[in-house]
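Containing PDB, C-alpha atoms: final.pdb.
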```pdb
MODEL        1
ATOM      1  CA  MET A 102       2.790  17.317  -6.627
ATOM      2  CA  LYS A 103      -0.071  19.787  -6.368
ATOM      3  CA  TYR A 104      -1.845  21.460  -3.457
ATOM      4  CA  ILE A 105      -5.549  21.024  -2.840
ATOM      5  CA  ASP A 106      -7.528  24.232  -2.219
ATOM      6  CA  ILE A 107      -9.085  23.167   1.076
ATOM      7  CA  GLU A 108     -11.397  26.178   1.339
ATOM      8  CA  ASN A 109     -13.110  25.239  -1.920
ATOM      9  CA  TRP A 110     -12.742  21.479  -1.563
ATOM     10  CA  ASN A 111     -15.945  19.448  -1.446
ATOM     11  CA  ARG A 112     -14.340  17.462   1.379
ATOM     12  CA  LYS A 113     -13.518  20.523   3.528
ATOM     13  CA  ALA A 114     -16.011  19.647   6.297
ATOM     14  CA  HIS A 115     -14.968  15.972   6.303
ATOM     15  CA  TYR A 116     -11.291  16.884   6.372
ATOM     16  CA  GLU A 117     -11.669  19.313   9.259
ATOM     17  CA  HIS A 118     -13.808  16.889  11.261
ATOM     18  CA  PHE A 119     -11.592  13.833  10.988
ATOM     19  CA  CYS A 120      -8.382  15.827  11.556
ATOM     20  CA  THR A 121      -9.641  16.552  15.078
ATOM     21  CA  LEU A 122      -9.846  12.859  15.997
ATOM     22  CA  LYS A 123      -7.110  11.126  17.961
ATOM     23  CA  ASP A 124      -7.067   8.292  15.419
ATOM     24  CA  PRO A 125      -8.754   9.279  12.133
ATOM     25  CA  TYR A 126      -7.840   6.009  10.403
ATOM     26  CA  PHE A 127     -10.372   3.340   9.471
ATOM     27  CA  ALA A 128      -9.521  -0.128   8.232
ATOM     28  CA  VAL A 129     -11.085  -3.017   6.370
ATOM     29  CA  THR A 130      -9.794  -6.472   5.444
ATOM     30  CA  ILE A 131     -10.716  -7.603   1.942
ATOM     31  CA  PRO A 132     -10.341 -11.055   0.326
ATOM     32  CA  PHE A 133      -8.727 -11.068  -3.113
ATOM     33  CA  ASN A 134      -8.485 -13.899  -5.611
ATOM     34  CA  VAL A 135      -4.774 -14.167  -6.442
ATOM     35  CA  THR A 136      -4.942 -17.393  -8.481
ATOM     36  CA  LYS A 137      -4.021 -15.805 -11.817
ATOM     37  CA  ALA A 138      -1.411 -13.502 -10.270
ATOM     38  CA  TYR A 139       0.309 -16.424  -8.545
ATOM     39  CA  ARG A 140       0.243 -18.512 -11.728
ATOM     40  CA  PHE A 141       1.635 -15.589 -13.742
ATOM     41  CA  SER A 142       4.486 -15.078 -11.284
ATOM     42  CA  LYS A 143       5.492 -18.741 -11.430
ATOM     43  CA  GLU A 144       5.225 -18.987 -15.213
ATOM     44  CA  ASN A 145       7.338 -15.850 -15.686
ATOM     45  CA  ASP A 146       9.827 -16.444 -12.860
ATOM     46  CA  ILE A 147       8.840 -13.236 -11.076
ATOM     47  CA  SER A 148       8.457 -12.874  -7.333
ATOM     48  CA  PHE A 149       4.824 -13.324  -6.293
ATOM     49  CA  PHE A 150       5.336 -10.525  -3.754
ATOM     50  CA  ALA A 151       6.614  -8.194  -6.479
ATOM     51  CA  LYS A 152       3.683  -9.130  -8.725
ATOM     52  CA  TYR A 153       0.903  -8.450  -6.239
ATOM     53  CA  LEU A 154       2.613  -5.373  -4.769
ATOM     54  CA  HIS A 155       2.926  -3.986  -8.296
ATOM     55  CA  ASP A 156      -0.788  -4.616  -8.912
ATOM     56  CA  CYS A 157      -1.597  -2.994  -5.562
ATOM     57  CA  LEU A 158       0.410   0.116  -6.411
ATOM     58  CA  LYS A 159      -1.204   0.338  -9.838
ATOM     59  CA  ALA A 160      -4.580   0.356  -8.089
ATOM     60  CA  ILE A 161      -3.413   2.930  -5.525
ATOM     61  CA  ASN A 162      -2.132   5.205  -8.288
ATOM     62  CA  ALA A 163      -5.450   4.922 -10.122
ATOM     63  CA  ILE A 164      -7.432   6.413  -7.194
ATOM     64  CA  GLU A 165      -6.975  10.157  -6.684
ATOM     65  CA  ASN A 166      -7.828  10.198  -2.975
ATOM     66  CA  LEU A 167      -5.258   7.502  -2.206
ATOM     67  CA  LYS A 168      -2.581   9.874  -3.539
ATOM     68  CA  PHE A 169      -3.524  12.645  -1.083
ATOM     69  CA  ARG A 170      -1.239  13.361   1.876
ATOM     70  CA  ILE A 171      -1.222  15.931   4.659
ATOM     71  CA  VAL A 172       1.987  17.978   4.630
ATOM     72  CA  ASP A 173       2.428  20.890   7.054
ATOM     73  CA  ASN A 174      -1.349  21.049   7.611
ATOM     74  CA  LYS A 175      -1.958  21.268   3.873
ATOM     75  CA  VAL A 176      -3.339  18.619   1.549
ATOM     76  CA  VAL A 177      -1.196  17.656  -1.420
ATOM     77  CA  GLU A 178      -1.680  15.169  -4.229
ATOM     78  CA  PHE A 179       1.469  13.334  -5.277
ATOM     79  CA  ASN A 180       1.956  12.430  -8.917
ATOM     80  CA  VAL A 181       3.178   8.888  -8.233
ATOM     81  CA  ILE A 182       2.889   6.679  -5.165
ATOM     82  CA  HIS A 183       5.676   4.207  -4.376
ATOM     83  CA  GLY A 184       5.931   1.268  -1.988
ATOM     84  CA  SER A 185       7.515   1.327   1.466
ATOM     85  CA  ALA A 186       7.393  -2.321   2.486
ATOM     86  CA  THR A 187       8.838  -4.086   5.509
ATOM     87  CA  ILE A 188      11.367  -6.629   4.236
ATOM     88  CA  MET A 189      12.693  -9.433   6.415
ATOM     89  CA  ARG A 190      16.354 -10.263   6.781
ATOM     90  CA  SER A 191      17.770 -13.768   7.166
ATOM     91  CA  ASP A 192      18.145 -13.116  10.922
ATOM     92  CA  HIS A 193      14.362 -12.494  11.146
ATOM     93  CA  THR A 194      14.685  -8.763  11.800
ATOM     94  CA  PHE A 195      13.379  -6.384   9.162
ATOM     95  CA  GLY A 196      14.022  -3.030   7.551
ATOM     96  CA  PHE A 197      11.746  -0.524   5.885
ATOM     97  CA  SER A 198      12.203  -0.243   2.135
ATOM     98  CA  PHE A 199      11.390   2.429  -0.401
ATOM     99  CA  ILE A 200      10.586   0.719  -3.695
ATOM    100  CA  ASP A 201      10.243   3.055  -6.652
ATOM    101  CA  PHE A 202       7.101   2.322  -8.637
ATOM    102  CA  ASN A 203       7.410   1.676 -12.339
ATOM    103  CA  GLU A 204       4.630   0.697 -14.734
ATOM    104  CA  ASP A 205       6.922  -2.012 -16.117
ATOM    105  CA  LEU A 206       6.649  -5.038 -13.819
ATOM    106  CA  ASN A 207      10.138  -6.273 -14.701
ATOM    107  CA  VAL A 208      11.698  -2.942 -13.739
ATOM    108  CA  PHE A 209       9.644  -2.852 -10.554
ATOM    109  CA  ALA A 210      10.695  -6.410  -9.642
ATOM    110  CA  LYS A 211      14.345  -5.354  -9.996
ATOM    111  CA  ASN A 212      13.661  -2.408  -7.683
ATOM    112  CA  VAL A 213      12.189  -4.828  -5.140
ATOM    113  CA  GLU A 214      15.216  -7.092  -5.348
ATOM    114  CA  SER A 215      17.594  -4.145  -4.977
ATOM    115  CA  GLU A 216      15.877  -3.076  -1.756
ATOM    116  CA  LYS A 217      15.932  -6.669  -0.463
ATOM    117  CA  GLN A 218      19.684  -6.797  -0.973
ATOM    118  CA  ARG A 219      20.226  -3.382   0.641
ATOM    119  CA  ILE A 220      18.232  -4.371   3.733
ATOM    120  CA  GLU A 221      19.869  -7.802   4.051
ATOM    121  CA  ASN A 222      23.279  -6.117   4.123
ATOM    122  CA  SER A 223      22.322  -3.370   6.562
ATOM    123  CA  ARG A 224      21.087  -3.009  10.118
ATOM    124  CA  ASP A 225      19.334   0.265   9.333
ATOM    125  CA  LEU A 226      15.607   0.392  10.029
ATOM    126  CA  TYR A 227      14.839   3.290   7.693
ATOM    127  CA  PRO A 228      15.689   3.550   3.985
ATOM    128  CA  PRO A 229      17.943   6.329   2.597
ATOM    129  CA  LYS A 230      14.875   7.733   0.838
ATOM    130  CA  ASN A 231      11.946   8.162   3.197
ATOM    131  CA  SER A 232       9.062  10.381   2.052
ATOM    132  CA  LEU A 233       5.264  10.495   2.121
ATOM    133  CA  ASP A 234       4.683   9.639  -1.563
ATOM    134  CA  CYS A 235       4.270   5.951  -0.737
ATOM    135  CA  ILE A 236       2.128   3.388   0.995
ATOM    136  CA  HIS A 237       3.391   1.616   4.105
ATOM    137  CA  CYS A 238       2.927  -2.093   3.556
ATOM    138  CA  SER A 239       3.879  -5.467   4.913
ATOM    139  CA  ALA A 240       3.407  -9.115   4.035
ATOM    140  CA  MET A 241       2.617 -11.752   6.652
ATOM    141  CA  PRO A 242       2.814 -14.968   4.613
ATOM    142  CA  TRP A 243       2.713 -17.091   7.780
ATOM    143  CA  LEU A 244      -0.842 -16.027   8.714
ATOM    144  CA  TYR A 245      -4.193 -16.169   6.976
ATOM    145  CA  TYR A 246      -5.867 -13.494   9.046
ATOM    146  CA  THR A 247      -9.361 -12.028   8.797
ATOM    147  CA  GLY A 248      -8.661  -8.900  10.828
ATOM    148  CA  HIS A 249      -5.661  -6.652  11.318
ATOM    149  CA  LYS A 250      -4.557  -3.606  13.311
ATOM    150  CA  GLU A 251      -1.684  -1.261  12.519
ATOM    151  CA  PRO A 252       0.438   0.552  15.137
ATOM    152  CA  VAL A 253      -0.656   4.167  15.759
ATOM    153  CA  SER A 254       1.996   6.823  16.311
ATOM    154  CA  GLY A 255      -0.253   9.407  17.909
ATOM    155  CA  LEU A 256       0.885  11.934  15.304
ATOM    156  CA  LEU A 257      -1.199  13.166  12.384
ATOM    157  CA  GLU A 258      -0.558  10.567   9.675
ATOM    158  CA  SER A 259      -1.918  10.329   6.156
ATOM    159  CA  VAL A 260      -0.024   7.492   4.430
ATOM    160  CA  PRO A 261      -2.257   4.464   3.675
ATOM    161  CA  LYS A 262      -1.164   1.254   5.385
ATOM    162  CA  VAL A 263      -1.625  -2.058   3.603
ATOM    163  CA  SER A 264      -0.961  -5.587   4.840
ATOM    164  CA  PHE A 265      -1.058  -8.843   2.874
ATOM    165  CA  SER A 266      -1.921 -12.192   4.476
ATOM    166  CA  LYS A 267      -0.900 -15.709   3.564
ATOM    167  CA  ALA A 268      -2.526 -16.989   0.369
ATOM    168  CA  VAL A 269      -4.607 -20.126   0.941
ATOM    169  CA  GLU A 270      -6.061 -22.567  -1.575
ATOM    170  CA  LYS A 271      -9.664 -23.744  -1.625
ATOM    171  CA  ASP A 272     -11.373 -25.450  -4.572
ATOM    172  CA  SER A 273      -8.302 -24.756  -6.749
ATOM    173  CA  GLU A 274      -8.543 -21.005  -6.078
ATOM    174  CA  LEU A 275      -6.003 -18.964  -4.105
ATOM    175  CA  THR A 276      -7.306 -16.260  -1.765
ATOM    176  CA  MET A 277      -5.267 -13.615   0.020
ATOM    177  CA  ASN A 278      -6.748 -11.234   2.574
ATOM    178  CA  VAL A 279      -5.555  -7.652   2.350
ATOM    179  CA  SER A 280      -5.979  -5.084   5.097
ATOM    180  CA  ILE A 281      -6.042  -1.420   4.116
ATOM    181  CA  ASN A 282      -5.908   1.411   6.673
ATOM    182  CA  VAL A 283      -6.621   4.955   5.472
ATOM    183  CA  ASN A 284      -7.084   8.398   6.979
ATOM    184  CA  HIS A 285     -10.812   9.219   6.841
ATOM    185  CA  ALA A 286      -9.959  12.911   6.437
ATOM    186  CA  LEU A 287      -8.784  12.060   2.918
ATOM    187  CA  VAL A 288     -10.390   8.750   1.995
ATOM    188  CA  ASP A 289     -13.889   7.267   2.344
ATOM    189  CA  GLY A 290     -15.250   3.755   1.984
ATOM    190  CA  TYR A 291     -16.226   4.603  -1.595
ATOM    191  CA  HIS A 292     -12.565   5.139  -2.525
ATOM    192  CA  VAL A 293     -11.505   1.916  -0.797
ATOM    193  CA  GLY A 294     -14.198   0.171  -2.828
ATOM    194  CA  LEU A 295     -12.719   1.602  -6.038
ATOM    195  CA  PHE A 296      -9.281   0.424  -4.932
ATOM    196  CA  SER A 297     -10.637  -3.067  -4.309
ATOM    197  CA  GLU A 298     -12.155  -3.247  -7.789
ATOM    198  CA  LYS A 299      -8.982  -1.973  -9.476
ATOM    199  CA  PHE A 300      -6.686  -4.241  -7.474
ATOM    200  CA  GLN A 301      -8.697  -7.344  -8.391
ATOM    201  CA  GLN A 302      -8.740  -6.305 -12.052
ATOM    202  CA  PHE A 303      -4.949  -5.972 -12.103
ATOM    203  CA  LEU A 304      -4.470  -9.264 -10.266
ATOM    204  CA  ASN A 305      -6.547 -10.968 -12.945
ATOM    205  CA  GLN A 306      -4.496  -9.636 -15.848
TER     206      GLN A 306
ENDMDL
END
```
Rewrite the structure from the file as structure tokens, please.
Amino acid sequence: MKYIDIENWNRKAHYEHFCTLKDPYFAVTIPFNVTKAYRFSKENDISFFAKYLHDCLKAINAIENLKFRIVDNKVVEFNVIHGSATIMRSDHTFGFSFIDFNEDLNVFAKNVESEKQRIENSRDLYPPKNSLDCIHCSAMPWLYYTGHKEPVSGLLESVPKVSFSKAVEKDSELTMNVSINVNHALVDGYHVGLFSEKFQQFLNQ
């Protein structure tokens, strides 16, 4: 983790402006082609959720601004961003996870499964490890939505929020809409565009 020198930061004016807003987040919903990712997951007996979340986190970690967080009114850049996903239990409640990122998909998939088991066998809402070096994310595989809104705490937040829709097939291609919510004090549309490009590249591999 390293601190950003706000006084000499080229985003100083943007940061100070958006930090004064009641809700500095902006959001977009982006369609992604997940055909190859879905096929890969089935051919290799890996969870589709683990596959696309891994690709998402690889894209997040490739974009500097998406690794920025506000901590005690200071801007920090974390070295690695992990996944804090909502995971459903068999009783249809859910718990928040903290899934350690690993470049190796197989290791990451095991981390996902470990958190699934922990949540299934617990009534806790929050994970034992709960820090800002993550994205907050959720999957809604029952809905193919074209718009999405996240809850707002009213506090100054800086963790990106990502939501994944149901994947639908058309003309032999699978499409999944992904909503990304980011704090405009740290992230602009340009950076979300870079994320979109990277995410699609990883999904295609």
Next on the checklist: Set the distance at 7 Å and use only C-alpha atoms: which residues neighbour A:Leu275 once local chain neighbours fewer than 5 positions away are removed? I'd like the list as a list in words.
Outcome noted: Asn134, Val135, Thr136, Ala268, Val269 and Glu270 of chain A
Just the selected residues (C-alpha atoms), exported as a PDB file, keeping the file's coordinate frame, please.
```pdb
ATOM      1  CA  ASN A 134      -8.485 -13.899  -5.611  1.00  0.00           C
ATOM      2  CA  VAL A 135      -4.774 -14.167  -6.442  1.00  0.00           C
ATOM      3  CA  THR A 136      -4.942 -17.393  -8.481  1.00  0.00           C
ATOM      4  CA  ALA A 268      -2.526 -16.989   0.369  1.00  0.00           C
ATOM      5  CA  VAL A 269      -4.607 -20.126   0.941  1.00  0.00           C
ATOM      6  CA  GLU A 270      -6.061 -22.567  -1.575  1.00  0.00           C
TER       7      GLU A 270
END
```
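Atom to atom, atom CA of A:Val283 and atom CA of A:Arg170 stand 10.6 Å apart.
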Checklist outcome for this item: Closest of A:Phe195, A:Tyr104, A:Phe303, A:Tyr126 to A:Asp289, counting all atoms listed in the file, is A:Tyr126
Checklist entry - Written as a ChimeraX atom specification, which residues does the PyMOL selection byres ((chain A and resi 163) around 10) give for the file shown? => result /A:157-162,164-168,181-182,295-296,299-300
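The closest residue to A:Pro125, picked from A:Val260, A:Glu298, A:Met277, A:Lys152 and counting only C-alpha atoms, is A:Val260.
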